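Reproduced below: protein08.txt, with compact mmCIF, C-alpha atoms.
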# COMPACT_ATOMS: atom_id res chain seq x y z
CA MET A 282 22.65 -21.34 -73.91
CA SER A 283 20.17 -19.17 -71.97
CA ARG A 284 17.38 -21.64 -72.79
CA ILE A 285 19.44 -24.54 -71.42
CA ILE A 286 20.10 -22.55 -68.21
CA SER A 287 16.41 -21.72 -67.84
CA ILE A 288 15.44 -25.38 -68.20
CA SER A 289 18.06 -26.34 -65.62
CA VAL A 290 16.80 -23.73 -63.15
CA LEU A 291 13.21 -24.88 -63.67
CA ALA A 292 14.21 -28.49 -63.10
CA ALA A 293 16.04 -27.56 -59.92
CA ALA A 294 13.03 -25.59 -58.68
CA LEU A 295 10.67 -28.48 -59.38
CA SER A 296 13.06 -30.85 -57.62
CA ALA A 297 13.20 -28.55 -54.57
CA THR A 298 9.42 -28.28 -54.29
CA ALA A 299 8.84 -32.00 -54.58
CA PRO A 300 9.36 -32.73 -50.84
CA LEU A 301 7.09 -29.78 -49.98
CA SER A 302 4.36 -31.10 -52.25
CA MET A 303 4.63 -34.54 -50.71
CA ALA A 304 4.43 -33.07 -47.18
CA LEU A 305 1.38 -31.04 -48.17
CA ALA A 306 -0.32 -34.11 -49.61
CA GLN A 307 0.38 -36.08 -46.43
CA THR A 308 -1.04 -33.25 -44.28
CA VAL A 309 -4.23 -33.14 -46.36
CA GLU A 310 -4.51 -36.90 -46.04
CA ARG A 311 -4.13 -36.76 -42.23
CA PHE A 312 -6.48 -33.78 -41.83
CA PRO A 313 -9.06 -34.03 -44.64
CA THR A 314 -11.43 -31.57 -42.96
CA PRO A 315 -9.95 -28.07 -42.76
CA LEU A 316 -10.30 -25.99 -39.60
CA ALA A 317 -13.13 -23.51 -39.55
CA GLU A 318 -12.22 -19.95 -40.38
CA GLU A 319 -11.72 -17.77 -37.30
CA PRO A 320 -13.74 -14.56 -37.21
CA ILE A 321 -11.76 -11.33 -37.22
CA PRO A 322 -11.77 -9.56 -34.86
CA ALA A 323 -12.12 -12.27 -32.21
CA VAL A 324 -13.06 -10.75 -28.85
CA LEU A 325 -13.32 -12.88 -25.73
CA THR A 326 -14.96 -11.88 -22.46
CA LEU A 327 -13.88 -12.55 -18.89
CA PRO A 328 -16.10 -13.44 -15.94
CA GLN A 329 -17.43 -10.42 -14.04
CA SER A 330 -16.29 -12.08 -10.82
CA TYR A 331 -12.68 -13.14 -11.19
CA PRO A 332 -11.45 -16.52 -9.87
CA ALA A 333 -9.47 -16.48 -6.63
CA SER A 334 -6.32 -17.61 -8.45
CA TRP A 335 -6.23 -14.39 -10.49
CA ILE A 336 -4.27 -11.31 -9.47
CA MET A 337 -3.59 -7.89 -10.97
CA VAL A 338 0.06 -7.11 -11.62
CA HIS A 339 0.91 -3.44 -11.94
CA ASP A 340 3.61 -3.35 -14.61
CA PHE A 341 5.24 0.03 -14.05
CA ASN A 342 7.33 -0.41 -17.23
CA PHE A 343 10.22 1.80 -16.13
CA ASN A 344 11.79 1.99 -19.60
CA ALA A 345 8.57 3.37 -21.08
CA MET A 346 6.40 4.69 -18.26
CA ILE A 347 3.92 6.24 -20.69
CA ASP A 348 3.07 2.61 -21.54
CA GLY A 349 2.50 1.27 -18.04
CA ARG A 350 -0.20 -1.33 -17.72
CA GLY A 351 -2.19 -3.53 -15.39
CA VAL A 352 -1.85 -7.19 -16.31
CA LEU A 353 -4.54 -9.58 -15.18
CA ILE A 354 -2.96 -13.01 -14.71
CA ASP A 355 -4.13 -16.46 -13.69
CA THR A 356 -1.48 -17.72 -11.27
CA ALA A 357 -2.79 -21.28 -11.69
CA ASN A 358 -2.15 -21.32 -15.45
CA PRO A 359 1.55 -21.36 -16.40
CA ALA A 360 0.78 -22.03 -20.09
CA THR A 361 -1.36 -18.95 -20.77
CA PRO A 362 -1.37 -16.85 -17.59
CA VAL A 363 -2.21 -13.46 -19.13
CA LYS A 364 -5.97 -12.89 -19.26
CA GLY A 365 -5.97 -9.25 -20.29
CA ILE A 366 -4.29 -5.85 -20.04
CA VAL A 367 -5.46 -2.32 -19.24
CA GLN A 368 -3.36 0.80 -19.71
CA ILE A 369 -1.99 2.73 -16.72
CA PRO A 370 0.34 5.37 -18.18
CA GLN A 371 2.59 7.87 -16.45
CA PHE A 372 2.95 6.88 -12.78
CA GLY A 373 -0.61 5.53 -12.70
CA ASN A 374 -2.64 3.66 -10.10
CA ILE A 375 -5.26 0.93 -10.31
CA LEU A 376 -8.26 -0.29 -8.32
CA VAL A 377 -10.21 -3.47 -9.11
CA SER A 378 -13.70 -3.62 -7.69
CA ARG A 379 -14.43 -6.87 -5.90
CA SER A 380 -18.15 -6.28 -5.45
CA GLY A 381 -18.82 -4.49 -8.73
CA THR A 382 -18.14 -4.85 -12.43
CA GLU A 383 -15.49 -2.17 -13.00
CA ILE A 384 -11.78 -1.45 -12.86
CA TYR A 385 -10.52 2.10 -12.25
CA THR A 386 -7.17 3.53 -13.34
CA ALA A 387 -5.78 6.94 -12.39
CA GLU A 388 -3.62 8.23 -15.23
CA THR A 389 -1.89 11.28 -16.67
CA TYR A 390 -1.66 12.19 -20.36
CA TYR A 391 0.11 14.96 -22.25
CA SER A 392 -1.11 16.33 -25.57
CA ARG A 393 2.31 15.76 -27.17
CA LEU A 394 2.86 12.39 -25.50
CA THR A 395 5.70 13.56 -23.23
CA ARG A 396 4.95 17.29 -23.18
CA GLY A 397 2.17 19.74 -23.83
CA GLU A 398 -1.15 20.15 -22.06
CA ARG A 399 -1.61 17.80 -19.13
CA THR A 400 -4.80 15.84 -18.43
CA ASP A 401 -5.32 13.77 -15.29
CA VAL A 402 -8.14 11.26 -15.53
CA ILE A 403 -9.74 8.25 -13.89
CA THR A 404 -10.62 5.75 -16.60
CA VAL A 405 -13.42 3.27 -15.97
CA TRP A 406 -12.98 -0.20 -17.50
CA ASP A 407 -15.46 -3.05 -17.79
CA LYS A 408 -14.17 -6.13 -15.95
CA ALA A 409 -15.58 -8.58 -18.51
CA THR A 410 -14.41 -6.92 -21.72
CA LEU A 411 -11.55 -4.73 -20.39
CA ALA A 412 -12.96 -1.98 -22.60
CA PRO A 413 -12.93 1.63 -21.36
CA THR A 414 -16.49 2.76 -20.65
CA ALA A 415 -16.14 6.20 -19.02
CA GLU A 416 -13.73 8.89 -17.88
CA ILE A 417 -13.71 11.20 -14.87
CA ILE A 418 -11.48 14.20 -15.45
CA LEU A 419 -9.37 15.22 -12.46
CA PRO A 420 -8.99 19.02 -12.59
CA GLY A 421 -5.92 21.09 -11.78
CA GLY A 422 -3.12 18.81 -12.98
CA LYS A 423 -2.28 17.84 -9.41
CA ARG A 424 -2.56 14.04 -9.25
CA GLN A 425 0.43 12.72 -7.35
CA GLN A 426 2.89 11.04 -9.69
CA GLN A 427 5.40 8.71 -8.06
CA VAL A 428 6.53 5.12 -8.22
CA THR A 429 3.24 3.43 -7.50
CA TYR A 430 1.87 2.76 -4.04
CA LYS A 431 -1.47 1.05 -3.60
CA ASN A 432 -2.36 3.60 -0.93
CA ASN A 433 -2.31 6.61 -3.24
CA PHE A 434 -5.67 5.52 -4.70
CA GLN A 435 -8.25 3.72 -2.56
CA PHE A 436 -11.94 2.87 -2.35
CA ILE A 437 -14.08 4.16 0.50
CA ASN A 438 -17.84 4.18 1.18
CA ASN A 439 -18.32 0.54 0.06
CA GLU A 440 -16.51 1.15 -3.25
CA LYS A 441 -18.92 3.95 -4.20
CA TRP A 442 -16.19 6.60 -3.81
CA ALA A 443 -12.46 6.75 -4.33
CA VAL A 444 -9.80 8.90 -2.69
CA ILE A 445 -6.79 9.89 -4.78
CA ALA A 446 -3.58 11.60 -3.62
CA ASN A 447 -2.43 14.98 -4.96
CA PHE A 448 0.97 16.69 -4.80
CA THR A 449 1.71 20.20 -6.09
CA PRO A 450 3.99 19.98 -3.83
CA ALA A 451 1.23 20.80 -1.33
CA GLN A 452 -0.43 17.55 -0.30
CA SER A 453 -4.16 16.95 -0.60
CA VAL A 454 -6.65 14.33 -1.74
CA THR A 455 -9.53 14.43 -4.20
CA ILE A 456 -12.79 12.67 -3.33
CA VAL A 457 -14.41 11.05 -6.38
CA ASP A 458 -17.96 9.74 -6.70
CA LEU A 459 -17.40 6.69 -8.88
CA GLU A 460 -21.09 5.90 -9.28
CA GLY A 461 -21.99 9.50 -10.19
CA ARG A 462 -18.82 9.94 -12.30
CA LYS A 463 -18.03 13.27 -10.64
CA ILE A 464 -15.63 15.07 -8.32
CA LEU A 465 -16.97 15.74 -4.83
CA GLY A 466 -14.12 17.97 -3.69
CA ASP A 467 -10.59 18.25 -2.31
CA ILE A 468 -9.27 17.97 1.25
CA ASP A 469 -5.91 19.45 2.25
CA LEU A 470 -3.46 17.10 4.01
CA PRO A 471 -0.47 19.29 4.91
CA GLY A 472 2.48 17.07 5.81
CA CYS A 473 0.50 13.82 5.50
CA SER A 474 0.31 11.14 2.84
CA MET A 475 -1.12 7.71 2.03
CA ILE A 476 -4.75 6.61 2.22
CA TYR A 477 -5.96 3.79 4.48
CA PRO A 478 -9.78 3.36 4.30
CA THR A 479 -11.25 3.69 7.80
CA GLY A 480 -14.82 3.28 8.98
CA GLU A 481 -17.86 3.87 6.80
CA ARG A 482 -16.72 6.91 4.82
CA GLY A 483 -13.26 7.78 6.07
CA PHE A 484 -9.55 7.20 5.78
CA THR A 485 -6.40 7.42 7.87
CA THR A 486 -3.16 9.02 6.74
CA LEU A 487 0.48 8.98 7.89
CA CYS A 488 2.02 12.33 8.81
CA ALA A 489 5.61 13.58 8.71
CA ASP A 490 5.77 14.20 12.47
CA GLY A 491 5.16 10.51 13.19
CA THR A 492 1.46 10.84 13.94
CA MET A 493 -1.57 9.42 12.16
CA THR A 494 -4.80 11.25 11.40
CA THR A 495 -8.22 9.79 10.69
CA LEU A 496 -10.65 11.80 8.59
CA GLN A 497 -14.36 11.02 8.24
CA LEU A 498 -16.48 12.45 5.43
CA ALA A 499 -20.07 13.61 5.32
CA ALA A 500 -22.65 12.20 2.90
CA ASP A 501 -21.78 14.94 0.38
CA GLY A 502 -18.06 14.15 0.49
CA THR A 503 -17.01 17.14 2.59
CA LEU A 504 -14.85 16.78 5.68
CA ALA A 505 -16.92 15.87 8.77
CA SER A 506 -14.15 15.23 11.30
CA SER A 507 -10.37 15.05 11.63
CA ILE A 508 -8.91 13.26 14.65
CA ASN A 509 -5.28 12.59 15.58
CA VAL A 510 -4.77 8.93 16.37
CA ASP A 511 -3.52 8.19 19.86
CA THR A 512 -0.29 6.60 18.70
CA THR A 513 3.08 7.69 17.40
CA VAL A 514 5.17 6.11 14.66
CA ASP A 515 8.89 6.19 15.41
CA ILE A 516 9.90 7.58 12.04
CA ASP A 517 13.61 7.60 12.95
CA GLY A 518 13.90 4.24 14.68
CA GLN A 519 11.06 2.20 13.14
CA PRO A 520 9.86 3.88 9.92
CA LEU A 521 7.02 1.92 8.32
CA PHE A 522 6.73 0.45 4.86
CA ALA A 523 3.70 2.33 3.50
CA MET A 524 1.74 -0.63 2.08
CA PRO A 525 0.27 -2.79 4.87
CA ALA A 526 -1.22 -6.27 4.73
CA MET A 527 -4.95 -6.29 5.43
CA VAL A 528 -6.56 -8.92 7.66
CA GLY A 529 -10.22 -8.00 7.66
CA SER A 530 -10.24 -4.35 8.72
CA THR A 531 -6.87 -4.55 10.47
CA ALA A 532 -3.86 -3.05 8.68
CA TRP A 533 -0.59 -4.77 9.61
CA PHE A 534 2.50 -2.65 8.93
CA VAL A 535 6.13 -3.74 9.11
CA SER A 536 8.99 -1.32 9.78
CA TYR A 537 12.37 -1.14 8.06
CA ASN A 538 13.86 -2.86 11.12
CA GLY A 539 11.25 -5.62 11.30
CA GLN A 540 8.75 -4.35 13.85
CA ILE A 541 5.12 -5.38 13.21
CA ARG A 542 2.30 -3.01 14.18
CA GLY A 543 -1.42 -3.45 13.70
CA PHE A 544 -4.16 -0.81 13.42
CA ASP A 545 -7.89 -1.49 13.52
CA LEU A 546 -9.52 0.57 10.75
CA SER A 547 -13.09 -0.67 11.21
CA GLY A 548 -14.35 2.22 13.34
CA PRO A 549 -14.49 6.01 13.05
CA VAL A 550 -10.88 6.35 14.27
CA ALA A 551 -7.87 4.09 13.67
CA LYS A 552 -6.81 2.25 16.83
CA ALA A 553 -3.60 0.37 17.63
CA VAL A 554 -4.11 -3.39 17.96
CA GLY A 555 -2.34 -5.37 20.68
CA LYS A 556 1.40 -5.08 21.19
CA THR A 557 4.13 -4.61 18.63
CA PHE A 558 6.40 -7.56 17.91
CA ILE A 559 9.53 -8.26 15.87
CA VAL A 560 9.71 -10.60 12.88
CA GLY A 561 12.64 -12.35 14.55
CA THR A 562 16.25 -13.19 13.84
CA ALA A 563 18.10 -16.01 12.12
CA GLU A 564 21.60 -17.15 11.29
CA GLY A 565 23.24 -16.56 7.92
CA ALA A 566 22.80 -12.79 7.82
CA ALA A 567 25.42 -10.17 6.99
CA PRO A 568 24.90 -8.13 9.05
CA GLN A 569 21.23 -8.93 9.87
CA TRP A 570 17.87 -10.03 8.50
CA ARG A 571 15.54 -7.13 7.72
CA PRO A 572 12.46 -6.66 5.54
CA GLY A 573 13.36 -5.45 2.07
CA GLY A 574 11.65 -4.70 -1.23
CA TRP A 575 8.63 -2.71 -2.38
CA GLN A 576 5.46 -4.58 -1.39
CA VAL A 577 7.04 -6.50 1.47
CA ILE A 578 4.13 -7.75 3.60
CA ALA A 579 1.05 -9.80 2.66
CA SER A 580 -1.65 -11.85 4.37
CA ASP A 581 -3.80 -14.89 3.67
CA ALA A 582 -7.45 -15.59 4.43
CA ALA A 583 -6.50 -17.27 7.72
CA GLY A 584 -4.81 -14.09 8.96
CA ARG A 585 -1.19 -15.21 8.69
CA LEU A 586 1.37 -12.58 7.69
CA TYR A 587 4.11 -13.04 5.09
CA VAL A 588 7.17 -10.76 5.16
CA LEU A 589 9.85 -10.50 2.45
CA MET A 590 13.24 -10.66 4.19
CA ASN A 591 16.76 -9.58 3.17
CA PRO A 592 19.81 -11.24 4.81
CA SER A 593 21.96 -8.19 4.09
CA GLY A 594 19.80 -5.81 6.09
CA ARG A 595 21.41 -2.55 7.15
CA GLU A 596 20.66 1.16 7.18
CA GLY A 597 19.26 2.05 3.75
CA SER A 598 18.65 -1.54 2.56
CA HIS A 599 14.85 -1.37 2.75
CA LYS A 600 14.39 -1.32 -1.04
CA ASP A 601 17.03 -3.92 -1.87
CA GLY A 602 14.62 -6.84 -2.11
CA GLY A 603 14.60 -10.13 -0.24
CA THR A 604 15.53 -13.78 -0.70
CA GLU A 605 13.22 -15.37 1.87
CA VAL A 606 9.63 -15.04 3.06
CA TRP A 607 8.91 -15.42 6.77
CA VAL A 608 5.42 -16.46 7.88
CA LEU A 609 4.12 -14.97 11.15
CA ASP A 610 1.13 -15.39 13.43
CA PRO A 611 0.10 -11.85 14.47
CA ALA A 612 -1.96 -13.21 17.37
CA THR A 613 1.10 -14.66 19.10
CA GLY A 614 3.98 -12.88 17.38
CA GLU A 615 5.43 -16.30 16.55
CA ARG A 616 7.31 -17.06 13.35
CA LEU A 617 5.71 -20.14 11.84
CA SER A 618 8.06 -20.88 8.94
CA ARG A 619 10.70 -19.59 6.51
CA TYR A 620 10.63 -20.02 2.72
CA ALA A 621 13.64 -19.65 0.45
CA LEU A 622 12.86 -17.98 -2.89
CA GLN A 623 14.26 -18.62 -6.37
CA GLY A 624 16.01 -15.26 -6.46
CA THR A 625 15.89 -11.74 -5.11
CA ALA A 626 12.28 -10.55 -4.96
CA ILE A 627 10.74 -7.09 -4.59
CA SER A 628 7.03 -7.76 -3.99
CA ILE A 629 4.79 -10.50 -2.63
CA GLU A 630 1.07 -11.25 -2.47
CA VAL A 631 -1.03 -14.22 -1.30
CA THR A 632 -4.21 -15.39 -2.99
CA ARG A 633 -7.41 -15.94 -0.99
CA GLU A 634 -7.85 -19.55 -2.11
CA ALA A 635 -8.51 -22.54 0.15
CA SER A 636 -4.97 -23.62 -0.72
CA PRO A 637 -3.36 -20.17 -1.04
CA ARG A 638 -0.58 -19.34 -3.44
CA LEU A 639 2.32 -17.08 -2.55
CA ILE A 640 3.01 -14.86 -5.57
CA VAL A 641 6.54 -13.47 -5.83
CA ALA A 642 7.67 -10.71 -8.21
CA ARG A 643 11.43 -11.01 -8.62
CA ALA A 644 13.96 -8.30 -9.40
CA ASP A 645 14.62 -9.90 -12.82
CA SER A 646 10.89 -9.41 -13.64
CA ALA A 647 10.01 -13.09 -13.29
CA VAL A 648 6.82 -13.93 -11.40
CA ASP A 649 6.96 -17.13 -9.35
CA VAL A 650 4.08 -19.04 -7.77
CA HIS A 651 4.72 -20.90 -4.49
CA ASP A 652 2.55 -23.00 -2.22
CA ALA A 653 1.83 -20.57 0.62
CA LYS A 654 1.51 -23.43 3.15
CA THR A 655 4.84 -25.11 2.38
CA GLY A 656 6.83 -22.54 0.42
CA ALA A 657 7.45 -25.03 -2.38
CA LEU A 658 7.71 -23.61 -5.90
CA ILE A 659 4.65 -24.64 -7.90
CA HIS A 660 5.76 -23.06 -11.16
CA SER A 661 7.24 -19.88 -12.59
CA LEU A 662 5.38 -17.63 -14.99
CA GLY A 663 8.75 -16.31 -16.17
CA ASN A 664 9.44 -12.71 -17.10
CA THR A 665 6.90 -12.52 -19.91
CA VAL A 666 3.82 -11.32 -17.99
CA ALA A 667 5.27 -7.89 -17.20
CA PHE A 668 8.36 -5.76 -17.86
CA ASN A 669 8.52 -4.47 -14.28
CA PRO A 670 6.02 -6.19 -11.96
CA LEU A 671 5.84 -3.81 -9.02
CA THR A 672 2.63 -4.13 -7.01
CA LEU A 673 0.48 -7.26 -6.84
CA SER A 674 -3.21 -7.21 -5.92
CA VAL A 675 -5.70 -9.99 -5.25
CA VAL A 676 -8.91 -9.38 -7.17
CA ASN A 677 -11.29 -11.64 -5.26
As structure tokens, the full file:
Amino acid sequence: MSRIISISVLAAALSATAPLSMALAQTVERFPTPLAEEPIPAVLTLPQSYPASWIMVHDFNFNAMIDGRGVLIDTANPATPVKGIVQIPQFGNILVSRSGTEIYTAETYYSRLTRGERTDVITVWDKATLAPTAEIILPGGKRQQQVTYKNNFQFINNEKWAVIANFTPAQSVTIVDLEGRKILGDIDLPGCSMIYPTGERGFTTLCADGTMTTLQLAADGTLASSINVDTTVDIDGQPLFAMPAMVGSTAWFVSYNGQIRGFDLSGPVAKAVGKTFIVGTAEGAAPQWRPGGWQVIASDAAGRLYVLMNPSGREGSHKDGGTEVWVLDPATGERLSRYALQGTAISIEVTREASPRLIVARADSAVDVHDAKTGALIHSLGNTVAFNPLTLSVVN
């Protein structure tokens, strides 16, 4: 009996594999020459100068912040947009050199992953291979850790140096010689925060009393001058979103209530540019249109400003995100157009292409690509390029 069963099972197995054998034979017939074996590992390289359609997405990865990352994406390629990834753990920051061949990330590590001895470090990455090539240890365990702002970590001195924010909770900055791979020193900034590169070797900072201060550094990285800017920010009536849009050396800020202010950062001291103006009003708001989100203002190569707007603007709504982008001419204060988005967005950026793309990071983690001239959706990269796309940076 067992022999009969075995023969039956064998017959059934042979019958089941017959279609598979036929399919295999047909495949061999259609493709008689097999594909070449792929080498393992297979390592590709990127261009040292990135195309203008590429941007860096800072994926904060809120559910696992020790695994934050910077994702380099090609906004013109919906099929395979991700070009590479670098790590940015634990409330990190990132800078991509436009003139050089390196990427810099400011990070924090603990010896037991989430506890133990703390190490703050700037990691240097090669732009072509995305391989780490060097580290600059930041002493004292004082690097400021917060939900990422671009202006906590900035280039100065033609990208030769970087300035990084500290918080202990005393506020200060560390000056880093990126070329020499060394620390030049610290500068105290009591009551002031954010870094806006100003002049040849300086930066401007926002202070808690509503003032701004410009600091210039000597050739050795020490403080050469500190000058209060002749302007006052109305921190109660018109508090500013901390990440401006840059048009050349002019930083354009927008307030929580929609006031636009420009500051010329080209000289030794920041100077107010022209008059302030308001983004405008429109119907369909409850109660009013206001800027809302995280990175809410961007610019294109022609100098136009793009502001992410929320129709449910009210006191405290400044982080709620927006459903439209309004395009403004800072020279006239005129609103040029309005673009409806595919959903609530938190951050926007505009590429520096001849036909610029408006990049939109939505609250559901999708990244959409619009035509910046018309507002039309070109394509969506979906929510696969990043878990939590937070800040967006052009890289060329």
Practice item. Using CA of Thr410 in chain A and CA of Phe436 in chain A as the two end points, give the distance in Å to one decimal. Key: 21.8 Å
**Study point:** Gly381 in chain A environment, 10 Å, only C-alpha atoms, sequence neighbours closer than 4 positions dropped, as a VMD selection string
**Key:** chain A and resid 329 to 330 377 407 to 408 440 to 441
Point to revise | A:Ala642, A:Leu658, A:Leu546, A:Leu353 ranked by distance to Tyr620 in chain A, top pick (using all atoms listed in the file) | key: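 Closest residue, counting all atoms listed in the file: A:Leu658.
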Point to revise | Selection near Thr449 in chain A, 12 Å with all atoms listed in the file, sequence-local residues under 5 positions removed, as JSON, numbers by chain | key: {"A": [421, 422, 423, 424, 425, 426, 454, 469, 470, 471]}
**Study point:** Within 10 Å of Gly491 in chain A using all atoms listed in the file, minus same-chain residues under 3 positions, as JSON, numbers by chain
**Key:** {"A": [473, 487, 488, 512, 513, 514, 515, 516, 517, 520]}
Point to revise | 9 Å contact set for Val560 in chain A, all atoms listed in the file, chain neighbours under 4 positions out, as a ChimeraX atom specification | key: /A:535,538-541,571-572,588,607-609,614-616
Exercise for review: Determine, counting all atoms listed in the file, which protein, DNA and RNA residues have an atom within 9 Å of an atom of range 367-372 of chain A; residues of the same chain fewer than 3 positions away are not included. Present the result as a PyMOL selection string.
Suggested key: chain A and resi 339-341+345-353+375+386-390+406+411-413+425-429
